[in-house]
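*Asks:* The file below is structure-v8.txt, compact mmCIF, N, CA and C atoms and all ligand atoms:
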```
# COMPACT_ATOMS: atom_id res chain seq x y z
N MET A 1 36.55 122.32 97.84
CA MET A 1 36.94 122.41 99.23
C MET A 1 36.81 123.86 99.73
N LEU A 2 36.21 124.01 100.86
CA LEU A 2 36.03 125.34 101.45
C LEU A 2 37.26 125.73 102.26
N GLU A 3 37.78 126.95 102.02
CA GLU A 3 38.92 127.46 102.80
C GLU A 3 38.52 128.80 103.42
N LYS A 4 38.96 128.99 104.66
CA LYS A 4 38.74 130.28 105.31
C LYS A 4 40.07 130.78 105.84
N LYS A 5 40.39 132.04 105.55
CA LYS A 5 41.66 132.59 106.02
C LYS A 5 41.38 133.89 106.77
N ASN A 6 42.04 134.04 107.92
CA ASN A 6 41.99 135.31 108.65
C ASN A 6 43.32 136.02 108.41
N LEU A 7 43.24 137.27 107.99
CA LEU A 7 44.45 138.04 107.67
C LEU A 7 44.38 139.39 108.35
N THR A 8 45.53 139.96 108.64
CA THR A 8 45.59 141.33 109.15
C THR A 8 46.18 142.20 108.05
N CYS A 9 45.42 143.18 107.60
CA CYS A 9 45.92 144.06 106.54
C CYS A 9 47.09 144.89 107.05
N ILE A 10 48.14 144.99 106.23
CA ILE A 10 49.33 145.75 106.63
C ILE A 10 49.41 147.07 105.86
N GLY A 11 48.28 147.44 105.23
CA GLY A 11 48.29 148.64 104.40
C GLY A 11 48.38 149.95 105.16
N CYS A 12 47.95 149.96 106.41
CA CYS A 12 48.04 151.18 107.21
C CYS A 12 47.89 150.78 108.69
N PRO A 13 48.08 151.73 109.62
CA PRO A 13 48.05 151.37 111.05
C PRO A 13 46.70 150.88 111.58
N MET A 14 45.63 150.96 110.79
CA MET A 14 44.33 150.48 111.27
C MET A 14 44.29 148.96 111.42
N SER A 15 45.16 148.27 110.72
CA SER A 15 45.29 146.80 110.83
C SER A 15 43.94 146.09 110.75
N CYS A 16 43.17 146.38 109.72
CA CYS A 16 41.85 145.76 109.58
C CYS A 16 41.98 144.23 109.57
N GLN A 17 41.02 143.57 110.21
CA GLN A 17 41.01 142.10 110.28
C GLN A 17 40.18 141.59 109.11
N LEU A 18 40.84 140.93 108.19
CA LEU A 18 40.19 140.49 106.96
C LEU A 18 39.82 139.01 107.07
N LYS A 19 38.71 138.68 106.45
CA LYS A 19 38.29 137.26 106.38
C LYS A 19 38.07 136.92 104.92
N LEU A 20 38.79 135.92 104.47
CA LEU A 20 38.70 135.49 103.08
C LEU A 20 38.13 134.08 103.03
N THR A 21 37.17 133.90 102.16
CA THR A 21 36.60 132.57 101.94
C THR A 21 36.85 132.18 100.50
N ALA A 22 37.35 130.98 100.30
CA ALA A 22 37.58 130.48 98.94
C ALA A 22 36.96 129.10 98.82
N VAL A 23 36.52 128.79 97.62
CA VAL A 23 35.95 127.47 97.33
C VAL A 23 36.70 126.90 96.13
N ASP A 24 37.30 125.75 96.33
CA ASP A 24 38.08 125.08 95.27
C ASP A 24 39.13 126.02 94.65
N GLY A 25 39.81 126.78 95.51
CA GLY A 25 40.89 127.65 95.04
C GLY A 25 40.43 128.96 94.45
N GLU A 26 39.13 129.20 94.43
CA GLU A 26 38.61 130.45 93.87
C GLU A 26 38.06 131.32 94.99
N ILE A 27 38.45 132.57 95.00
CA ILE A 27 38.00 133.48 96.07
C ILE A 27 36.49 133.71 95.95
N HIS A 28 35.81 133.48 97.05
CA HIS A 28 34.35 133.60 97.07
C HIS A 28 33.92 134.89 97.75
N ASP A 29 34.66 135.26 98.81
CA ASP A 29 34.24 136.42 99.59
C ASP A 29 35.41 136.98 100.39
N ILE A 30 35.49 138.30 100.48
CA ILE A 30 36.48 138.96 101.34
C ILE A 30 35.72 140.01 102.15
N THR A 31 35.89 140.00 103.46
CA THR A 31 35.21 140.98 104.31
C THR A 31 36.22 141.58 105.30
N GLY A 32 35.83 142.66 105.92
CA GLY A 32 36.62 143.24 107.00
C GLY A 32 37.52 144.40 106.59
N TYR A 33 37.59 144.67 105.31
CA TYR A 33 38.46 145.76 104.85
C TYR A 33 37.71 147.09 104.87
N ASN A 34 38.49 148.17 105.02
CA ASN A 34 37.89 149.51 105.02
C ASN A 34 38.23 150.29 103.77
N CYS A 35 39.07 149.70 102.90
CA CYS A 35 39.37 150.34 101.63
C CYS A 35 39.85 149.28 100.64
N LYS A 36 39.97 149.67 99.41
CA LYS A 36 40.33 148.75 98.32
C LYS A 36 41.67 148.07 98.57
N ARG A 37 42.59 148.79 99.22
CA ARG A 37 43.92 148.21 99.47
C ARG A 37 43.81 146.93 100.28
N GLY A 38 42.89 146.92 101.23
CA GLY A 38 42.71 145.74 102.06
C GLY A 38 42.19 144.56 101.26
N GLU A 39 41.23 144.84 100.38
CA GLU A 39 40.69 143.78 99.53
C GLU A 39 41.80 143.23 98.61
N ASP A 40 42.58 144.15 98.02
CA ASP A 40 43.67 143.73 97.13
C ASP A 40 44.72 142.92 97.90
N TYR A 41 45.00 143.35 99.12
CA TYR A 41 46.00 142.65 99.94
C TYR A 41 45.54 141.21 100.22
N ALA A 42 44.28 141.04 100.60
CA ALA A 42 43.76 139.70 100.89
C ALA A 42 43.83 138.82 99.65
N ARG A 43 43.46 139.40 98.52
CA ARG A 43 43.48 138.65 97.25
C ARG A 43 44.92 138.20 96.94
N GLN A 44 45.86 139.16 97.08
CA GLN A 44 47.28 138.86 96.80
C GLN A 44 47.81 137.80 97.77
N GLU A 45 47.47 137.94 99.04
CA GLU A 45 47.95 136.98 100.04
C GLU A 45 47.44 135.57 99.76
N TYR A 46 46.25 135.48 99.22
CA TYR A 46 45.70 134.16 98.92
C TYR A 46 46.29 133.59 97.62
N LEU A 47 46.35 134.43 96.59
CA LEU A 47 46.75 133.93 95.27
C LEU A 47 48.26 133.85 95.10
N ASN A 48 48.99 134.85 95.60
CA ASN A 48 50.44 134.89 95.40
C ASN A 48 51.09 135.76 96.46
N PRO A 49 51.23 135.24 97.70
CA PRO A 49 51.81 136.07 98.76
C PRO A 49 53.25 136.45 98.43
N CYS A 50 53.59 137.70 98.64
CA CYS A 50 54.92 138.23 98.33
C CYS A 50 55.49 138.96 99.53
N ARG A 51 56.81 139.03 99.60
CA ARG A 51 57.48 139.71 100.70
C ARG A 51 58.70 140.47 100.20
N MET A 52 58.98 141.62 100.83
CA MET A 52 60.26 142.32 100.60
C MET A 52 61.33 141.52 101.33
N VAL A 53 62.53 141.53 100.80
CA VAL A 53 63.64 140.84 101.47
C VAL A 53 64.72 141.86 101.80
N SER A 54 65.13 141.90 103.07
CA SER A 54 66.25 142.73 103.53
C SER A 54 67.26 141.80 104.18
N THR A 55 68.51 141.93 103.78
CA THR A 55 69.55 141.10 104.37
C THR A 55 70.89 141.82 104.20
N THR A 56 71.97 141.09 104.27
CA THR A 56 73.29 141.69 104.05
C THR A 56 74.07 140.80 103.08
N VAL A 57 75.05 141.41 102.41
CA VAL A 57 75.98 140.64 101.58
C VAL A 57 77.39 140.94 102.06
N ALA A 58 78.31 140.03 101.74
CA ALA A 58 79.70 140.20 102.18
C ALA A 58 80.37 141.34 101.42
N CYS A 59 81.17 142.09 102.12
CA CYS A 59 81.93 143.19 101.51
C CYS A 59 83.29 143.25 102.23
N PRO A 60 84.19 142.33 101.90
CA PRO A 60 85.45 142.21 102.63
C PRO A 60 86.34 143.45 102.57
N THR A 61 86.17 144.26 101.50
CA THR A 61 87.01 145.46 101.38
C THR A 61 86.34 146.68 102.01
N GLY A 62 85.16 146.51 102.57
CA GLY A 62 84.43 147.63 103.14
C GLY A 62 84.86 147.98 104.55
N LEU A 63 84.45 149.15 104.98
CA LEU A 63 84.75 149.59 106.35
C LEU A 63 84.11 148.63 107.35
N TRP A 64 82.96 148.05 106.97
CA TRP A 64 82.32 146.97 107.73
C TRP A 64 82.26 145.75 106.82
N PRO A 65 82.28 144.58 107.38
CA PRO A 65 82.35 143.37 106.53
C PRO A 65 81.07 143.00 105.81
N ARG A 66 79.92 143.57 106.23
CA ARG A 66 78.64 143.23 105.59
C ARG A 66 77.94 144.51 105.14
N LEU A 67 77.30 144.44 103.98
CA LEU A 67 76.56 145.57 103.41
C LEU A 67 75.07 145.27 103.47
N PRO A 68 74.26 146.12 104.11
CA PRO A 68 72.81 145.91 104.09
C PRO A 68 72.23 146.10 102.68
N VAL A 69 71.39 145.17 102.26
CA VAL A 69 70.76 145.24 100.94
C VAL A 69 69.27 144.93 101.06
N LYS A 70 68.52 145.29 100.01
CA LYS A 70 67.07 145.00 100.03
C LYS A 70 66.57 144.84 98.60
N THR A 71 65.47 144.13 98.46
CA THR A 71 64.86 144.00 97.14
C THR A 71 64.08 145.29 96.85
N THR A 72 63.99 145.64 95.56
CA THR A 72 63.26 146.85 95.20
C THR A 72 61.75 146.60 95.15
N GLU A 73 61.38 145.31 95.09
CA GLU A 73 59.96 144.92 95.09
C GLU A 73 59.82 143.65 95.92
N ALA A 74 58.61 143.34 96.26
CA ALA A 74 58.36 142.10 96.98
C ALA A 74 58.55 140.91 96.04
N VAL A 75 59.07 139.83 96.57
CA VAL A 75 59.25 138.59 95.79
C VAL A 75 58.24 137.56 96.30
N PRO A 76 57.88 136.59 95.46
CA PRO A 76 56.95 135.57 95.93
C PRO A 76 57.47 134.92 97.21
N LYS A 77 56.57 134.73 98.17
CA LYS A 77 56.95 134.18 99.49
C LYS A 77 57.70 132.85 99.34
N ALA A 78 57.30 132.06 98.37
CA ALA A 78 57.94 130.75 98.16
C ALA A 78 59.39 130.89 97.71
N LYS A 79 59.78 132.09 97.25
CA LYS A 79 61.14 132.31 96.74
C LYS A 79 62.03 133.03 97.76
N VAL A 80 61.48 133.42 98.89
CA VAL A 80 62.23 134.25 99.84
C VAL A 80 63.51 133.54 100.33
N LEU A 81 63.39 132.27 100.65
CA LEU A 81 64.54 131.52 101.14
C LEU A 81 65.62 131.40 100.07
N GLU A 82 65.18 131.14 98.85
CA GLU A 82 66.13 131.03 97.75
C GLU A 82 66.84 132.36 97.50
N VAL A 83 66.11 133.45 97.58
CA VAL A 83 66.71 134.79 97.43
C VAL A 83 67.75 135.00 98.53
N ALA A 84 67.41 134.64 99.75
CA ALA A 84 68.35 134.81 100.87
C ALA A 84 69.61 133.95 100.66
N ARG A 85 69.41 132.74 100.13
CA ARG A 85 70.56 131.85 99.88
C ARG A 85 71.48 132.43 98.81
N VAL A 86 70.89 132.95 97.73
CA VAL A 86 71.68 133.56 96.66
C VAL A 86 72.50 134.72 97.22
N LEU A 87 71.83 135.57 97.99
CA LEU A 87 72.52 136.76 98.52
C LEU A 87 73.58 136.38 99.55
N HIS A 88 73.40 135.27 100.21
CA HIS A 88 74.41 134.79 101.17
C HIS A 88 75.75 134.54 100.47
N ASN A 89 75.70 134.19 99.18
CA ASN A 89 76.93 133.88 98.44
C ASN A 89 77.47 135.06 97.63
N VAL A 90 76.83 136.20 97.73
CA VAL A 90 77.29 137.38 96.98
C VAL A 90 78.39 138.10 97.75
N GLU A 91 79.43 138.48 97.03
CA GLU A 91 80.51 139.28 97.63
C GLU A 91 80.68 140.52 96.76
N ILE A 92 80.72 141.68 97.38
CA ILE A 92 80.78 142.93 96.62
C ILE A 92 82.01 143.72 97.04
N GLU A 93 82.53 144.50 96.08
CA GLU A 93 83.71 145.34 96.34
C GLU A 93 83.26 146.71 96.84
N ALA A 94 83.91 147.22 97.88
CA ALA A 94 83.69 148.60 98.31
C ALA A 94 84.54 149.51 97.41
N PRO A 95 84.18 150.77 97.24
CA PRO A 95 83.06 151.46 97.89
C PRO A 95 81.73 151.15 97.19
N VAL A 96 80.65 151.28 97.99
CA VAL A 96 79.30 151.08 97.47
C VAL A 96 78.48 152.32 97.83
N LYS A 97 77.64 152.76 96.89
CA LYS A 97 76.75 153.89 97.16
C LYS A 97 75.35 153.37 97.45
N MET A 98 74.67 154.04 98.37
CA MET A 98 73.28 153.68 98.68
C MET A 98 72.47 153.68 97.38
N GLY A 99 71.69 152.64 97.17
CA GLY A 99 70.87 152.54 95.96
C GLY A 99 71.56 151.84 94.81
N GLN A 100 72.85 151.58 94.96
CA GLN A 100 73.60 150.90 93.89
C GLN A 100 73.02 149.50 93.66
N ILE A 101 72.93 149.11 92.40
CA ILE A 101 72.41 147.77 92.08
C ILE A 101 73.46 146.72 92.46
N ILE A 102 73.03 145.77 93.26
CA ILE A 102 73.92 144.69 93.71
C ILE A 102 73.70 143.45 92.86
N LEU A 103 72.43 143.18 92.51
CA LEU A 103 72.11 141.98 91.73
C LEU A 103 70.78 142.20 91.03
N GLN A 104 70.71 141.76 89.77
CA GLN A 104 69.45 141.86 89.04
C GLN A 104 68.85 140.47 88.87
N ASP A 105 67.55 140.41 88.77
CA ASP A 105 66.83 139.14 88.56
C ASP A 105 67.26 138.10 89.60
N VAL A 106 67.24 138.49 90.85
CA VAL A 106 67.69 137.59 91.91
C VAL A 106 66.82 136.33 91.94
N ALA A 107 67.48 135.19 91.90
CA ALA A 107 66.83 133.87 91.93
C ALA A 107 65.74 133.74 90.86
N GLY A 108 65.92 134.41 89.73
CA GLY A 108 64.96 134.30 88.63
C GLY A 108 63.63 134.96 88.89
N THR A 109 63.59 135.87 89.85
CA THR A 109 62.32 136.53 90.19
C THR A 109 62.05 137.77 89.34
N GLY A 110 63.10 138.25 88.65
CA GLY A 110 62.96 139.50 87.91
C GLY A 110 63.13 140.72 88.79
N VAL A 111 63.41 140.51 90.07
CA VAL A 111 63.53 141.61 91.03
C VAL A 111 65.01 141.98 91.23
N THR A 112 65.23 143.28 91.41
CA THR A 112 66.58 143.81 91.61
C THR A 112 66.87 143.99 93.10
N VAL A 113 68.13 143.77 93.46
CA VAL A 113 68.58 143.99 94.85
C VAL A 113 69.51 145.20 94.84
N ILE A 114 69.26 146.13 95.77
CA ILE A 114 70.08 147.34 95.84
C ILE A 114 70.69 147.48 97.24
N ALA A 115 71.74 148.31 97.33
CA ALA A 115 72.36 148.61 98.62
C ALA A 115 71.44 149.52 99.43
N SER A 116 71.24 149.17 100.70
CA SER A 116 70.39 149.99 101.57
C SER A 116 71.15 151.18 102.15
N ARG A 117 72.47 151.13 102.07
CA ARG A 117 73.27 152.24 102.57
C ARG A 117 74.60 152.26 101.84
N SER A 118 75.32 153.35 101.98
CA SER A 118 76.65 153.45 101.38
C SER A 118 77.66 152.77 102.29
N LEU A 119 78.72 152.29 101.68
CA LEU A 119 79.78 151.63 102.45
C LEU A 119 81.13 151.98 101.83
N PRO A 120 81.94 152.78 102.56
CA PRO A 120 83.26 153.14 102.02
C PRO A 120 84.25 151.99 102.16
N CYS A 121 85.39 152.15 101.50
CA CYS A 121 86.48 151.16 101.62
C CYS A 121 87.08 151.26 103.02
N SER A 122 87.60 150.14 103.49
CA SER A 122 88.22 150.14 104.82
C SER A 122 89.49 150.99 104.82
N ASP A 123 90.16 151.11 103.66
CA ASP A 123 91.41 151.88 103.62
C ASP A 123 91.20 153.34 103.23
N ASN A 124 89.94 153.73 102.97
CA ASN A 124 89.64 155.13 102.64
C ASN A 124 88.25 155.48 103.13
N PRO A 125 88.04 155.45 104.45
CA PRO A 125 86.68 155.59 105.00
C PRO A 125 85.99 156.90 104.69
N GLY A 126 86.74 157.94 104.33
CA GLY A 126 86.11 159.24 104.06
C GLY A 126 85.65 159.39 102.63
N ALA A 127 85.85 158.39 101.78
CA ALA A 127 85.58 158.51 100.35
C ALA A 127 84.08 158.67 100.05
N ILE A 128 83.22 158.09 100.86
CA ILE A 128 81.77 158.20 100.64
C ILE A 128 81.15 158.73 101.92
N SER A 129 80.37 159.79 101.78
CA SER A 129 79.65 160.26 102.96
C SER A 129 78.29 159.63 102.95
N LYS A 130 77.85 159.08 104.05
CA LYS A 130 76.55 158.42 104.27
C LYS A 130 75.85 158.12 103.00
S1 LIG B 201 41.91 147.82 104.65
FE1 LIG B 201 42.52 149.92 104.21
S2 LIG B 201 42.06 150.99 106.13
FE2 LIG B 201 42.14 148.80 106.64
S3 LIG B 201 44.27 148.42 107.29
FE3 LIG B 201 44.11 147.98 105.09
S4 LIG B 201 44.79 149.87 104.11
FE4 LIG B 201 44.24 150.37 106.22
```
Let's see the structure in the file written out as structure tokens.
*Replies:*
Amino acid sequence: MLEKKNLTCIGCPMSCQLKLTAVDGEIHDITGYNCKRGEDYARQEYLNPCRMVSTTVACPTGLWPRLPVKTTEAVPKAKVLEVARVLHNVEIEAPVKMGQIILQDVAGTGVTVIASRSLPCSDNPGAISK
């Protein structure tokens, strides 16, 4: 079966328009890229599209009730919803430091989730500076 995909490379602001052709699930041709990153991106998007996940987790003892978190690497696109669901049920104790590990191997992806910012306790807001 012949497949054609149009993709926009996100590797830099040039946003090259990529065209990928595959036959029976095998990549046949990639055009439109201006550097290797674009070719690699198209290949990855076809074979195993991945995305970074940024969300929040509950932190009832924090100065704010939610702590922004992010994955340290992109996770397979098919797992993004599951990752978000897992993180929806996570509750963490304040204080938290930016970069602190919140969860390892989230949803069996092997990817770590870290705090995107610091969050002091609600009863001692000066304990952590930004
Ligand atoms: S192919 Fe290269 S030059 Fe084009 S958008 Fe991607 S990274 Fe930028």
*Asks:* Report the closest atom pair, with its distance in Å rounded to one decimal, for each residue of chain A that has an atom no farther than 7 Å from ligand LIG 201 (chain B); count only N, CA and C atoms and all ligand atoms, sort by chain and then rising residue number, and write it as a tab-separated table.
*Replies:*
```
residue	atom	partner	partner_atom	distance
A:Thr8	C	B:LIG201	S3	6.6
A:Cys9	C	B:LIG201	S3	4.5
A:Ile10	N	B:LIG201	FE3	5.1
A:Gly11	CA	B:LIG201	S4	3.7
A:Cys12	N	B:LIG201	FE4	3.7
A:Pro13	N	B:LIG201	FE4	5.3
A:Met14	C	B:LIG201	S3	4.2
A:Ser15	N	B:LIG201	S3	3.5
A:Cys16	N	B:LIG201	S3	3.4
A:Gln17	N	B:LIG201	FE2	6.4
A:Gly32	C	B:LIG201	S1	5.9
A:Tyr33	CA	B:LIG201	S1	4.0
A:Asn34	N	B:LIG201	S1	3.5
A:Cys35	N	B:LIG201	FE1	3.7
A:Lys36	N	B:LIG201	FE1	5.4
A:Arg37	C	B:LIG201	S1	4.8
A:Gly38	CA	B:LIG201	S1	3.4
A:Glu39	N	B:LIG201	S1	5.3
```
*Asks:* Report as a PyMOL selection string: the residues of region 16-111 of chain A with a DSSP assignment of helix (DSSP H, G or I), based on the backbone of this structure.
*Replies:* chain A and resi 36-47+77-88+106-108
*Asks:* To one decimal place in Å, what is the distance between atom N of Cys50 (chain A) and atom N of Lys19 (chain A)?
*Replies:*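 According to the coordinates, atom N of Cys50 (chain A) and atom N of Lys19 (chain A) are separated by 16.8 Å.
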*Asks:* In Å, how far is it from CA of Gln104 (chain A) to CA of Leu67 (chain A)?
*Replies:* 16.5 Å
*Asks:* One decimal, Å: what's the distance from atom N of Asn6 (chain A) over to CA of Thr21 (chain A), could you say?
*Replies:*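 CA of Thr21 (chain A) lies at a distance of 8.2 Å from atom N of Asn6 (chain A).
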*Asks:* Might you pull out every residue within 6 Å of Ser122 (chain A), with only N, CA and C atoms counted and same-chain residues fewer than 5 positions away left off, and present them as number ranges by chain?
*Replies:* A: 61-63
*Asks:* Would you please work out which residue, of A:Leu47, A:Cys121, A:Leu2, A:Met52, is nearest to Val75 (chain A) when using only C-alpha atoms?
*Replies:*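 Among A:Leu47, A:Cys121, A:Leu2, A:Met52, it is A:Met52 that comes nearest to Val75 (chain A).
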*Asks:* Counting only C-alpha atoms, which residue out of A:His28, A:Arg85, A:Lys70, A:Lys97 sits closest to Glu3 (chain A)?
*Replies:*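 Among A:His28, A:Arg85, A:Lys70, A:Lys97, it is A:His28 that comes nearest to Glu3 (chain A).
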*Asks:* Just want the 6 Å neighbourhood of Ala58 (chain A), counted on all atoms listed in the file, with same-chain residues fewer than 2 positions away dropped. Output as a list in words.
*Replies:*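 Contacts, in chain order: Thr56, Pro60, Pro65, Arg66, Leu67, Val90, Glu91 and Ile92 of chain A.
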*Asks:* Could you please give me, as a compact mmCIF listing (two decimals) with N, CA and C atoms, in the coordinates of the input, the residues of protein, DNA or RNA lying at most 12 Å from (70.5, 135.0, 89.2) in the coordinate frame of the file, considering only C-alpha atoms?
*Replies:*
```txt
# COMPACT_ATOMS: atom_id res chain seq x y z
N GLU A 82 65.18 131.14 98.85
CA GLU A 82 66.13 131.03 97.75
C GLU A 82 66.84 132.36 97.50
N VAL A 83 66.11 133.45 97.58
CA VAL A 83 66.71 134.79 97.43
C VAL A 83 67.75 135.00 98.53
N ALA A 84 67.41 134.64 99.75
CA ALA A 84 68.35 134.81 100.87
C ALA A 84 69.61 133.95 100.66
N ARG A 85 69.41 132.74 100.13
CA ARG A 85 70.56 131.85 99.88
C ARG A 85 71.48 132.43 98.81
N VAL A 86 70.89 132.95 97.73
CA VAL A 86 71.68 133.56 96.66
C VAL A 86 72.50 134.72 97.22
N LEU A 87 71.83 135.57 97.99
CA LEU A 87 72.52 136.76 98.52
C LEU A 87 73.58 136.38 99.55
N ASN A 89 75.70 134.19 99.18
CA ASN A 89 76.93 133.88 98.44
C ASN A 89 77.47 135.06 97.63
N VAL A 90 76.83 136.20 97.73
CA VAL A 90 77.29 137.38 96.98
C VAL A 90 78.39 138.10 97.75
N ILE A 102 73.03 145.77 93.26
CA ILE A 102 73.92 144.69 93.71
C ILE A 102 73.70 143.45 92.86
N LEU A 103 72.43 143.18 92.51
CA LEU A 103 72.11 141.98 91.73
C LEU A 103 70.78 142.20 91.03
N GLN A 104 70.71 141.76 89.77
CA GLN A 104 69.45 141.86 89.04
C GLN A 104 68.85 140.47 88.87
N ASP A 105 67.55 140.41 88.77
CA ASP A 105 66.83 139.14 88.56
C ASP A 105 67.26 138.10 89.60
N VAL A 106 67.24 138.49 90.85
CA VAL A 106 67.69 137.59 91.91
C VAL A 106 66.82 136.33 91.94
N ALA A 107 67.48 135.19 91.90
CA ALA A 107 66.83 133.87 91.93
C ALA A 107 65.74 133.74 90.86
N GLY A 108 65.92 134.41 89.73
CA GLY A 108 64.96 134.30 88.63
C GLY A 108 63.63 134.96 88.89
N THR A 109 63.59 135.87 89.85
CA THR A 109 62.32 136.53 90.19
C THR A 109 62.05 137.77 89.34
N GLY A 110 63.10 138.25 88.65
CA GLY A 110 62.96 139.50 87.91
C GLY A 110 63.13 140.72 88.79
N VAL A 111 63.41 140.51 90.07
CA VAL A 111 63.53 141.61 91.03
C VAL A 111 65.01 141.98 91.23
N THR A 112 65.23 143.28 91.41
CA THR A 112 66.58 143.81 91.61
C THR A 112 66.87 143.99 93.10
N VAL A 113 68.13 143.77 93.46
CA VAL A 113 68.58 143.99 94.85
C VAL A 113 69.51 145.20 94.84
```
*Asks:* Using only C-alpha atoms, which residue out of A:Pro49, A:Pro125, A:Pro120, A:Pro76 lies closest to Met98 (chain A)?
*Replies:*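 Counting only C-alpha atoms, the residue closest to Met98 (chain A) is A:Pro120.
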